[in-house]
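This is query_16.pdb. It holds PDB, C-alpha atoms.
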```pdb
ATOM      1  CA  MET K   1     112.399  99.236  48.095
ATOM      2  CA  PRO K   2     108.840 100.586  47.927
ATOM      3  CA  GLU K   3     108.070 103.527  45.674
ATOM      4  CA  LEU K   4     107.722 106.507  48.053
ATOM      5  CA  GLY K   5     107.386 109.233  45.404
ATOM      6  CA  LYS K   6     107.170 112.786  46.726
ATOM      7  CA  TYR K   7     106.977 111.491  50.326
ATOM      8  CA  ALA K   8     110.407 109.828  50.219
ATOM      9  CA  VAL K   9     112.157 112.537  52.254
ATOM     10  CA  ALA K  10     109.455 112.617  54.951
ATOM     11  CA  VAL K  11     109.206 108.832  55.299
ATOM     12  CA  LEU K  12     112.932 108.075  55.180
ATOM     13  CA  SER K  13     113.743 110.929  57.579
ATOM     14  CA  SER K  14     111.107 109.654  60.016
ATOM     15  CA  TYR K  15     112.569 106.166  59.995
ATOM     16  CA  GLY K  16     116.152 107.460  60.153
ATOM     17  CA  ILE K  17     115.553 109.829  63.078
ATOM     18  CA  SER K  18     113.466 107.327  65.052
ATOM     19  CA  VAL K  19     115.825 104.385  64.612
ATOM     20  CA  ALA K  20     118.826 106.606  65.452
ATOM     21  CA  LEU K  21     117.190 107.968  68.629
ATOM     22  CA  LEU K  22     116.087 104.535  69.826
ATOM     23  CA  THR K  23     119.528 103.066  69.100
ATOM     24  CA  VAL K  24     121.296 105.840  71.029
ATOM     25  CA  LEU K  25     118.855 105.462  73.948
ATOM     26  CA  CYS K  26     119.399 101.682  74.105
ATOM     27  CA  ALA K  27     123.186 101.997  73.757
ATOM     28  CA  LEU K  28     123.449 104.637  76.492
ATOM     29  CA  SER K  29     121.194 102.621  78.817
ATOM     30  CA  VAL K  30     123.231  99.436  78.346
ATOM     31  CA  MET K  31     126.591 101.244  78.704
ATOM     32  CA  ARG K  32     125.518 103.008  81.908
ATOM     33  CA  ALA K  33     124.100  99.752  83.307
ATOM     34  CA  ARG K  34     127.405  97.938  82.699
ATOM     35  CA  ARG K  35     129.465 100.781  84.139
ATOM     36  CA  MET K  36     127.300 100.999  87.260
ATOM     37  CA  ARG K  37     127.370  97.223  87.809
ATOM     38  CA  ARG K  38     131.185  97.228  87.548
ATOM     39  CA  ASP K  39     131.690 100.310  89.774
ATOM     40  CA  LEU K  40     129.330  99.008  92.461
ATOM     41  CA  ALA K  41     131.093  95.621  92.510
ATOM     42  CA  GLN K  42     134.427  97.423  92.993
ATOM     43  CA  ILE K  43     133.124  99.569  95.845
ATOM     44  CA  GLU K  44     131.382  96.633  97.563
ATOM     45  CA  GLY K  45     134.633  94.653  97.336
ATOM     46  CA  ARG K  46     136.583  97.557  98.864
ATOM     47  CA  VAL K  47     134.055  97.990 101.674
ATOM     48  CA  ARG K  48     134.165  94.246 102.417
ATOM     49  CA  ARG K  49     137.985  94.246 102.538
ATOM     50  CA  ASN K  50     138.130  97.319 104.773
ATOM     51  CA  GLY K  51     135.409  95.972 107.063
TER
ATOM     52  CA  MET I  52     101.445  84.275  93.929
ATOM     53  CA  ALA I  53     104.015  86.662  95.319
ATOM     54  CA  SER I  54     102.723  89.992  96.506
ATOM     55  CA  LEU I  55     103.507  92.939  94.234
ATOM     56  CA  TRP I  56     105.097  94.690  97.200
ATOM     57  CA  GLU I  57     107.836  92.045  97.334
ATOM     58  CA  TYR I  58     109.340  93.762  94.305
ATOM     59  CA  ALA I  59     109.789  96.892  96.396
ATOM     60  CA  ASN I  60     112.788  95.002  97.790
ATOM     61  CA  PRO I  61     115.702  96.115  95.543
ATOM     62  CA  ARG I  62     117.410  92.693  95.646
ATOM     63  CA  LYS I  63     114.208  90.904  94.691
ATOM     64  CA  PHE I  64     113.548  93.451  91.941
ATOM     65  CA  ILE I  65     117.039  93.033  90.450
ATOM     66  CA  ALA I  66     116.919  89.223  90.645
ATOM     67  CA  THR I  67     113.505  89.047  88.972
ATOM     68  CA  SER I  68     114.215  91.677  86.323
ATOM     69  CA  ASP I  69     117.532  89.941  85.489
ATOM     70  CA  ARG I  70     115.546  86.824  84.620
ATOM     71  CA  VAL I  71     112.871  88.678  82.632
ATOM     72  CA  LEU I  72     115.021  91.222  80.774
ATOM     73  CA  PRO I  73     116.575  88.984  78.079
ATOM     74  CA  TRP I  74     113.118  87.705  77.077
ATOM     75  CA  VAL I  75     111.471  91.107  77.002
ATOM     76  CA  GLY I  76     114.417  92.636  75.129
ATOM     77  CA  THR I  77     114.452  89.874  72.511
ATOM     78  CA  MET I  78     110.690  90.072  72.011
ATOM     79  CA  ALA I  79     110.913  93.868  71.685
ATOM     80  CA  VAL I  80     113.553  93.657  68.938
ATOM     81  CA  PHE I  81     111.599  90.889  67.191
ATOM     82  CA  CYS I  82     108.310  92.826  67.211
ATOM     83  CA  LEU I  83     109.989  96.072  66.139
ATOM     84  CA  VAL I  84     111.838  94.462  63.233
ATOM     85  CA  VAL I  85     108.784  92.482  62.058
ATOM     86  CA  GLY I  86     106.382  95.428  62.490
ATOM     87  CA  LEU I  87     108.575  98.046  60.832
ATOM     88  CA  VAL I  88     109.664  95.803  57.933
ATOM     89  CA  TRP I  89     106.036  94.721  57.393
ATOM     90  CA  GLY I  90     104.792  98.295  57.539
ATOM     91  CA  PHE I  91     107.547  99.788  55.389
ATOM     92  CA  PHE I  92     107.882  97.148  52.665
ATOM     93  CA  PHE I  93     104.643  95.203  52.558
ATOM     94  CA  THR I  94     101.759  97.639  53.021
ATOM     95  CA  PRO I  95     100.054  99.610  50.233
ATOM     96  CA  GLU I  96      99.805 103.385  49.927
ATOM     97  CA  ASP I  97      96.833 105.160  51.484
ATOM     98  CA  TYR I  98      94.356 106.479  48.897
ATOM     99  CA  ARG I  99      94.614 110.025  50.304
ATOM    100  CA  GLN I 100      97.980 110.234  52.056
ATOM    101  CA  GLY I 101      99.999 108.121  49.628
ATOM    102  CA  ALA I 102     103.232 106.573  50.910
ATOM    103  CA  SER I 103     103.418 109.059  53.800
ATOM    104  CA  VAL I 104     101.096 106.681  55.694
ATOM    105  CA  LYS I 105     104.172 104.538  56.458
ATOM    106  CA  ILE I 106     105.085 107.100  59.121
ATOM    107  CA  ILE I 107     102.118 105.796  61.159
ATOM    108  CA  TYR I 108     104.205 102.773  62.281
ATOM    109  CA  LEU I 109     106.520 105.084  64.220
ATOM    110  CA  HIS I 110     104.348 108.073  65.027
ATOM    111  CA  VAL I 111     101.391 106.326  66.672
ATOM    112  CA  PRO I 112     103.371 103.866  68.869
ATOM    113  CA  ALA I 113     105.775 106.614  69.957
ATOM    114  CA  ALA I 114     102.899 108.971  70.832
ATOM    115  CA  LEU I 115     101.114 106.197  72.750
ATOM    116  CA  MET I 116     104.246 105.452  74.733
ATOM    117  CA  ALA I 117     104.969 109.129  75.371
ATOM    118  CA  ILE I 118     101.619 109.432  77.175
ATOM    119  CA  ASN I 119     101.651 106.019  78.850
ATOM    120  CA  ALA I 120     105.222 106.422  80.099
ATOM    121  CA  TRP I 121     104.086 109.509  81.986
ATOM    122  CA  LEU I 122     101.082 107.617  83.370
ATOM    123  CA  MET I 123     103.418 104.820  84.523
ATOM    124  CA  MET I 124     105.551 107.488  86.211
ATOM    125  CA  LEU I 125     102.384 108.857  87.830
ATOM    126  CA  VAL I 126     101.512 105.457  89.321
ATOM    127  CA  ALA I 127     105.102 104.938  90.512
ATOM    128  CA  SER I 128     105.157 108.441  92.022
ATOM    129  CA  LEU I 129     101.883 107.813  93.862
ATOM    130  CA  VAL I 130     103.322 104.565  95.250
ATOM    131  CA  TRP I 131     106.350 106.542  96.439
ATOM    132  CA  ILE I 132     104.190 109.235  98.046
ATOM    133  CA  VAL I 133     101.889 106.746  99.783
ATOM    134  CA  ARG I 134     104.179 103.808 100.633
ATOM    135  CA  ARG I 135     107.705 105.283 100.394
ATOM    136  CA  HIS I 136     109.116 102.397  98.327
ATOM    137  CA  HIS I 137     112.416 103.528  96.839
ATOM    138  CA  VAL I 138     112.202 101.185  93.865
ATOM    139  CA  SER I 139     109.004 102.879  92.675
ATOM    140  CA  ALA I 140     110.583 106.354  92.814
ATOM    141  CA  LEU I 141     113.644 105.032  90.973
ATOM    142  CA  ALA I 142     111.430 103.325  88.365
ATOM    143  CA  ALA I 143     109.733 106.671  87.693
ATOM    144  CA  ARG I 144     113.148 108.300  87.343
ATOM    145  CA  ALA I 145     114.282 105.514  85.002
ATOM    146  CA  ALA I 146     111.220 105.884  82.767
ATOM    147  CA  ALA I 147     111.541 109.645  82.216
ATOM    148  CA  PRO I 148     114.328 109.673  79.580
ATOM    149  CA  VAL I 149     112.593 106.841  77.711
ATOM    150  CA  GLY I 150     109.319 108.793  77.720
ATOM    151  CA  ALA I 151     111.133 111.955  76.616
ATOM    152  CA  VAL I 152     112.679 110.151  73.631
ATOM    153  CA  MET I 153     109.255 108.747  72.703
ATOM    154  CA  THR I 154     107.809 112.273  72.849
ATOM    155  CA  ILE I 155     110.614 113.632  70.637
ATOM    156  CA  ILE I 156     110.004 110.833  68.113
ATOM    157  CA  ALA I 157     106.252 111.553  68.133
ATOM    158  CA  LEU I 158     106.846 115.291  67.607
ATOM    159  CA  ALA I 159     109.548 114.821  64.935
ATOM    160  CA  THR I 160     107.639 112.222  62.909
ATOM    161  CA  GLY I 161     104.472 114.304  63.324
ATOM    162  CA  ALA I 162     106.212 117.363  61.879
ATOM    163  CA  LEU I 163     107.694 115.321  59.007
ATOM    164  CA  TRP I 164     104.257 113.840  58.300
ATOM    165  CA  GLY I 165     102.444 117.168  58.687
ATOM    166  CA  GLN I 166     104.581 119.071  56.209
ATOM    167  CA  PRO I 167     103.478 117.204  53.052
ATOM    168  CA  ILE I 168      99.926 116.474  54.254
ATOM    169  CA  TRP I 169      98.931 119.697  56.069
ATOM    170  CA  GLY I 170     101.422 121.959  54.303
ATOM    171  CA  THR I 171     103.105 122.946  57.568
ATOM    172  CA  TRP I 172     105.642 121.455  59.978
ATOM    173  CA  TRP I 173     103.934 122.844  63.035
ATOM    174  CA  VAL I 174     100.682 124.451  64.079
ATOM    175  CA  TRP I 175      99.507 125.496  67.561
ATOM    176  CA  ASP I 176      96.874 122.798  67.515
ATOM    177  CA  PRO I 177      95.617 121.537  70.938
ATOM    178  CA  ARG I 178      97.151 118.077  70.611
ATOM    179  CA  LEU I 179     100.487 119.275  69.225
ATOM    180  CA  THR I 180     100.770 122.012  71.822
ATOM    181  CA  SER I 181      99.952 119.706  74.731
ATOM    182  CA  PHE I 182     102.563 117.246  73.426
ATOM    183  CA  LEU I 183     105.171 119.991  73.325
ATOM    184  CA  ILE I 184     104.285 120.933  76.909
ATOM    185  CA  LEU I 185     104.521 117.245  77.866
ATOM    186  CA  LEU I 186     108.080 117.194  76.451
ATOM    187  CA  LEU I 187     108.932 120.260  78.553
ATOM    188  CA  PHE I 188     107.558 118.459  81.624
ATOM    189  CA  TYR I 189     109.754 115.444  80.829
ATOM    190  CA  LEU I 190     112.822 117.678  80.550
ATOM    191  CA  GLY I 191     111.906 119.513  83.752
ATOM    192  CA  TYR I 192     111.363 116.224  85.569
ATOM    193  CA  ILE I 193     114.783 114.875  84.475
ATOM    194  CA  ALA I 194     116.462 118.174  85.394
ATOM    195  CA  LEU I 195     114.820 118.235  88.839
ATOM    196  CA  TRP I 196     116.089 114.733  89.671
ATOM    197  CA  ALA I 197     119.579 115.766  88.580
ATOM    198  CA  ALA I 198     119.507 119.043  90.504
ATOM    199  CA  ILE I 199     118.704 117.696  93.991
ATOM    200  CA  GLU I 200     121.375 115.786  95.887
ATOM    201  CA  ASN I 201     119.159 114.086  98.478
ATOM    202  CA  ASP I 202     117.373 111.171  96.792
ATOM    203  CA  ASP I 203     114.281 111.258  99.016
ATOM    204  CA  THR I 204     113.767 114.999  98.584
ATOM    205  CA  ALA I 205     114.242 114.625  94.825
ATOM    206  CA  ALA I 206     111.691 111.801  94.776
ATOM    207  CA  ASP I 207     109.190 113.933  96.735
ATOM    208  CA  LEU I 208     109.525 116.993  94.496
ATOM    209  CA  THR I 209     109.550 115.071  91.219
ATOM    210  CA  SER I 210     106.452 113.155  92.341
ATOM    211  CA  VAL I 211     104.601 116.435  92.771
ATOM    212  CA  LEU I 212     105.831 117.598  89.355
ATOM    213  CA  CYS I 213     104.627 114.291  87.909
ATOM    214  CA  LEU I 214     101.143 114.820  89.366
ATOM    215  CA  VAL I 215     100.957 118.289  87.787
ATOM    216  CA  GLY I 216     102.317 117.044  84.443
ATOM    217  CA  SER I 217      99.690 114.321  84.310
ATOM    218  CA  VAL I 218      97.149 116.948  83.316
ATOM    219  CA  PHE I 219      99.119 117.519  80.101
ATOM    220  CA  ALA I 220      99.661 113.806  79.522
ATOM    221  CA  LEU I 221      95.876 113.353  79.597
ATOM    222  CA  LEU I 222      95.307 116.529  77.573
ATOM    223  CA  SER I 223      97.652 115.280  74.848
ATOM    224  CA  ARG I 224      95.516 112.134  74.622
ATOM    225  CA  TYR I 225      92.059 113.699  74.779
ATOM    226  CA  ALA I 226      92.601 117.259  73.512
ATOM    227  CA  VAL I 227      91.294 116.284  70.076
ATOM    228  CA  LEU I 228      87.986 115.128  71.552
ATOM    229  CA  PHE I 229      86.947 118.204  73.485
ATOM    230  CA  TRP I 230      88.566 120.968  71.433
ATOM    231  CA  ASN I 231      86.921 120.809  68.044
ATOM    232  CA  GLN I 232      89.629 122.785  66.355
ATOM    233  CA  GLY I 233      93.079 122.189  65.021
ATOM    234  CA  LEU I 234      94.510 120.070  62.239
ATOM    235  CA  HIS I 235      95.257 116.862  64.062
ATOM    236  CA  GLN I 236      92.842 114.039  63.278
ATOM    237  CA  GLY I 237      91.047 111.941  65.886
ATOM    238  CA  ALA I 238      92.297 108.591  67.122
ATOM    239  CA  SER I 239      93.733 106.253  64.452
ATOM    240  CA  LEU I 240      92.870 103.246  66.591
ATOM    241  CA  SER I 241      89.298 102.732  67.637
ATOM    242  CA  LEU I 242      86.917  99.931  68.535
ATOM    243  CA  ASP I 243      84.535 101.564  66.047
ATOM    244  CA  LYS I 244      85.312  99.771  62.756
ATOM    245  CA  LYS I 245      84.378 102.815  60.669
ATOM    246  CA  GLU I 246      86.825 105.023  62.526
ATOM    247  CA  ASN I 247      89.636 102.489  62.900
ATOM    248  CA  VAL I 248      92.352 102.311  60.251
ATOM    249  CA  ASP I 249      91.987  99.517  57.706
ATOM    250  CA  ASN I 250      93.290  96.072  58.699
ATOM    251  CA  VAL I 251      96.041  96.229  56.107
ATOM    252  CA  PHE I 252      97.595  99.077  58.155
ATOM    253  CA  TYR I 253      96.180  98.023  61.517
ATOM    254  CA  LEU I 254      97.901  94.640  61.897
ATOM    255  CA  PRO I 255     101.510  95.807  61.337
ATOM    256  CA  LEU I 256     100.685  98.832  63.491
ATOM    257  CA  LEU I 257      99.643  96.518  66.348
ATOM    258  CA  VAL I 258     102.952  94.637  66.042
ATOM    259  CA  CYS I 259     104.860  97.963  66.141
ATOM    260  CA  ILE I 260     102.893  99.073  69.213
ATOM    261  CA  ALA I 261     103.739  95.759  70.910
ATOM    262  CA  GLY I 262     107.398  96.364  70.009
ATOM    263  CA  PHE I 263     107.392  99.869  71.479
ATOM    264  CA  VAL I 264     105.654  98.679  74.670
ATOM    265  CA  LEU I 265     108.132  95.820  75.125
ATOM    266  CA  LEU I 266     111.083  98.111  74.404
ATOM    267  CA  PHE I 267     109.785 100.556  77.012
ATOM    268  CA  VAL I 268     109.412  97.761  79.584
ATOM    269  CA  ALA I 269     112.902  96.403  78.841
ATOM    270  CA  LEU I 270     114.517  99.839  79.069
ATOM    271  CA  VAL I 271     112.686 100.751  82.275
ATOM    272  CA  LEU I 272     113.696  97.456  83.929
ATOM    273  CA  LEU I 273     117.327  97.924  82.896
ATOM    274  CA  ARG I 274     117.452 101.593  83.871
ATOM    275  CA  THR I 275     115.701 100.929  87.201
ATOM    276  CA  GLN I 276     118.365  98.331  88.024
ATOM    277  CA  THR I 277     120.984 100.974  87.197
ATOM    278  CA  GLU I 278     119.287 103.566  89.423
ATOM    279  CA  ILE I 279     119.097 101.060  92.304
ATOM    280  CA  ARG I 280     122.826 100.334  91.948
ATOM    281  CA  ALA I 281     123.647 104.047  91.674
ATOM    282  CA  ARG I 282     121.711 104.735  94.874
ATOM    283  CA  ARG I 283     123.489 101.911  96.716
ATOM    284  CA  MET I 284     126.829 103.191  95.450
ATOM    285  CA  ARG I 285     126.108 106.709  96.720
ATOM    286  CA  ALA I 286     125.134 105.266 100.115
ATOM    287  CA  LEU I 287     128.330 103.182 100.350
ATOM    288  CA  LEU I 288     130.534 106.103  99.341
ATOM    289  CA  ALA I 289     128.836 108.343 101.910
ATOM    290  CA  ARG I 290     129.386 105.676 104.603
ATOM    291  CA  GLU I 291     133.048 105.375 103.579
ATOM    292  CA  ARG I 292     133.549 109.133 103.809
ATOM    293  CA  MET I 293     132.016 109.232 107.294
ATOM    294  CA  GLY I 294     133.863 106.221 108.650
TER
END
```
Can I see the file as C-alpha cells?
Amino acid sequence: MPELGKYAVAVLSSYGISVALLTVLCALSVMRARRMRRDLAQIEGRVRRNG
Amino acid sequence: MASLWEYANPRKFIATSDRVLPWVGTMAVFCLVVGLVWGFFFTPEDYRQGASVKIIYLHVPAALMAINAWLMMLVASLVWIVRRHHVSALAARAAAPVGAVMTIIALATGALWGQPIWGTWWVWDPRLTSFLILLLFYLGYIALWAAIENDDTAADLTSVLCLVGSVFALLSRYAVLFWNQGLHQGASLSLDKKENVDNVFYLPLLVCIAGFVLLFVALVLLRTQTEIRARRMRALLARERMG
C-alpha cells in the first residue's frame, strides 16, 4: 500500500466512489440486458404460437 | 467493406455487437485493472500535489468520456434527424446513463481532489460550472426519453435537446482556454511536452483512458442491444393488444 499521507481520504474516497459507480452501472446494464433478452424471447414465442 | 449504414439494421447490429462485445469488455477490464493498479501502486508522488495526483487516473478519463459521450450522442442524434435510423437514436439513448455516470465521477473526484489542493470542494469556475450544467443536460435527456411514450417523438425531442446541450459539452472542454479565470488548470494532456504531464504519470493515464473508452464502447453496445429489444417488445405487445 503506497503512503498517501494527508491525502489518504481524498484518494481512497475517489477510488471507492468511482469503482462503486462503475460496478453498479455495469451490473445494472448486464441485468437489464439479460431480462430484456429473456422477456423478448418469451413474447416472440407466444406471438409465434398464436400466429 | 460493409457500408456503415448496414448496421442501421437492428438484426445486423445485434449480430455484430454480439461478436465484438466479449472482446471489448475483456479489454476494458484488462486496461482498467492494469492502468489503475499501475497508477495507484507504482507511480511516485507529484512534487507539488503529493499523493493526491493519483486521482488523475480516474478524474481525467472520466471527464474525457463525459464530454465525448455527449459528442457521440450528438452524432447519433444527427444521424437520426437526417436519416431516421432507429438504431442511432437508440444508441444515443443507451449512451446517456453511461455519460451521466462519467460526469458524476468527474465531478466527485474533482471535488475530492480540489478540497486538499485548492482548499475548497467547489467553486463557480467556468469549467466546473459547465460540467455541472452538462450533468443537468444528461439528467434532462434521460428524463425526456422516459417521459414520452412514442419512441419516434422521444427521439426527435431528445435529439434537439442533444444539439442544445452540445454547447455545454464543448464549453466544458474549452472553457479554460477562453475564460482566463477560475481555479481549474489547463489541459493535463497536451502535444506540447512542456505542458503535458510527465511520462511517469502519462503512461498509466493513457492505459486508464483506453480502459474508460473501451468500457464506454462495451456498455453502449450492450445497452443499445437492450434498447433495440425493448423497442421490439413494445411493438409486439402493441400488436398483440390490437389483434
Given the ChimeraX specification (/K :<8) & /I and the file above, list the residues it selects as a list in words.
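Taken on the displayed file, the ChimeraX specification (/K :<8) & /I yields the residues Phe91, Phe92, Gly101, Ala102, Ser103, Lys105, Ile106, Leu109, Val149, Val152, Ile156, Ala159, Thr160, Leu163, Trp164, Pro167, Leu270, Leu273, Arg274, Gln276, Thr277, Arg280, Ala281, Arg283, Met284, Leu287, Leu288 and Glu291 of chain I.
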A straight line from CA of Leu179 in chain I to CA of Gly161 in chain I spans 8.7 Å
Could you jot down the CA of Phe267 in chain I to CA of Thr180 in chain I separation for me, Å, one decimal place?
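CA of Thr180 in chain I lies 23.8 Å from CA of Phe267 in chain I.
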Quick check on the file I pasted: which residues fall under the PyMOL selection byres ((chain I and resi 67-81) around 8)? Write them as a CSV table (one decimal) with C-alpha atoms, in the coordinates of the input.
```csv
chain,number,residue,atom,x,y,z
I,63,LYS,CA,114.2,90.9,94.7
I,64,PHE,CA,113.5,93.5,91.9
I,65,ILE,CA,117.0,93.0,90.4
I,66,ALA,CA,116.9,89.2,90.6
I,82,CYS,CA,108.3,92.8,67.2
I,83,LEU,CA,110.0,96.1,66.1
I,84,VAL,CA,111.8,94.5,63.2
I,85,VAL,CA,108.8,92.5,62.1
I,261,ALA,CA,103.7,95.8,70.9
I,262,GLY,CA,107.4,96.4,70.0
I,263,PHE,CA,107.4,99.9,71.5
I,264,VAL,CA,105.7,98.7,74.7
I,265,LEU,CA,108.1,95.8,75.1
I,266,LEU,CA,111.1,98.1,74.4
I,268,VAL,CA,109.4,97.8,79.6
I,269,ALA,CA,112.9,96.4,78.8
I,272,LEU,CA,113.7,97.5,83.9
I,273,LEU,CA,117.3,97.9,82.9
```
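Our summary of the geometry notes that CA of Gly216 in chain I is positioned 12.3 Å from CA of Met123 in chain I.
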Counting only C-alpha atoms, what is within 8 Å of Ile260 in chain I, bar same-chain residues fewer than 3 positions away, as a PyMOL selection string?
chain I and resi 108+111-112+256-257+263-264
Written as a ChimeraX atom specification, what is the full residue list that the PyMOL selection byres ((chain I and resi 116) around 8) yields on the file shown?
/I:112-115,117-120,150,153-154,263-264,267
Neighbouring residues of range 200-212 of chain I were defined as those with any atom within 10 Å, considering all atoms listed in the file; residues of the same chain fewer than 6 positions away were excluded. Please report them as an MDAnalysis selection string.
chainID I and resid 124:132 135 137 139:141 143:144 188:189 191:194 282 285
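Considering only C-alpha atoms, the residue among I:Trp175, I:Trp196, I:Trp89, I:Tyr225 positioned nearest to Ala162 in chain I is I:Trp175.
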Quick one: residues within 10 Å of Tyr253 in chain I, all atoms listed in the file counted, chain neighbours fewer than 2 positions away excluded, as an MDAnalysis selection string?
chainID I and resid 90 107:108 239:240 247:251 255:259
Hey, can you spit out that residue selection with C-alpha atoms as a compact mmCIF listing (two decimals), keeping the file's coordinate frame?
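New file again38.txt:
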```txt
# COMPACT_ATOMS: atom_id res chain seq x y z
CA GLY I 90 104.79 98.30 57.54
CA ILE I 107 102.12 105.80 61.16
CA TYR I 108 104.20 102.77 62.28
CA SER I 239 93.73 106.25 64.45
CA LEU I 240 92.87 103.25 66.59
CA ASN I 247 89.64 102.49 62.90
CA VAL I 248 92.35 102.31 60.25
CA ASP I 249 91.99 99.52 57.71
CA ASN I 250 93.29 96.07 58.70
CA VAL I 251 96.04 96.23 56.11
CA PRO I 255 101.51 95.81 61.34
CA LEU I 256 100.68 98.83 63.49
CA LEU I 257 99.64 96.52 66.35
CA VAL I 258 102.95 94.64 66.04
CA CYS I 259 104.86 97.96 66.14
```
Rank I:Leu187, I:Gly86, I:Leu214, I:His235 by their smallest atom-to-atom distance to Pro148 in chain I, using only C-alpha atoms, and report the top residue only.
I:Leu187
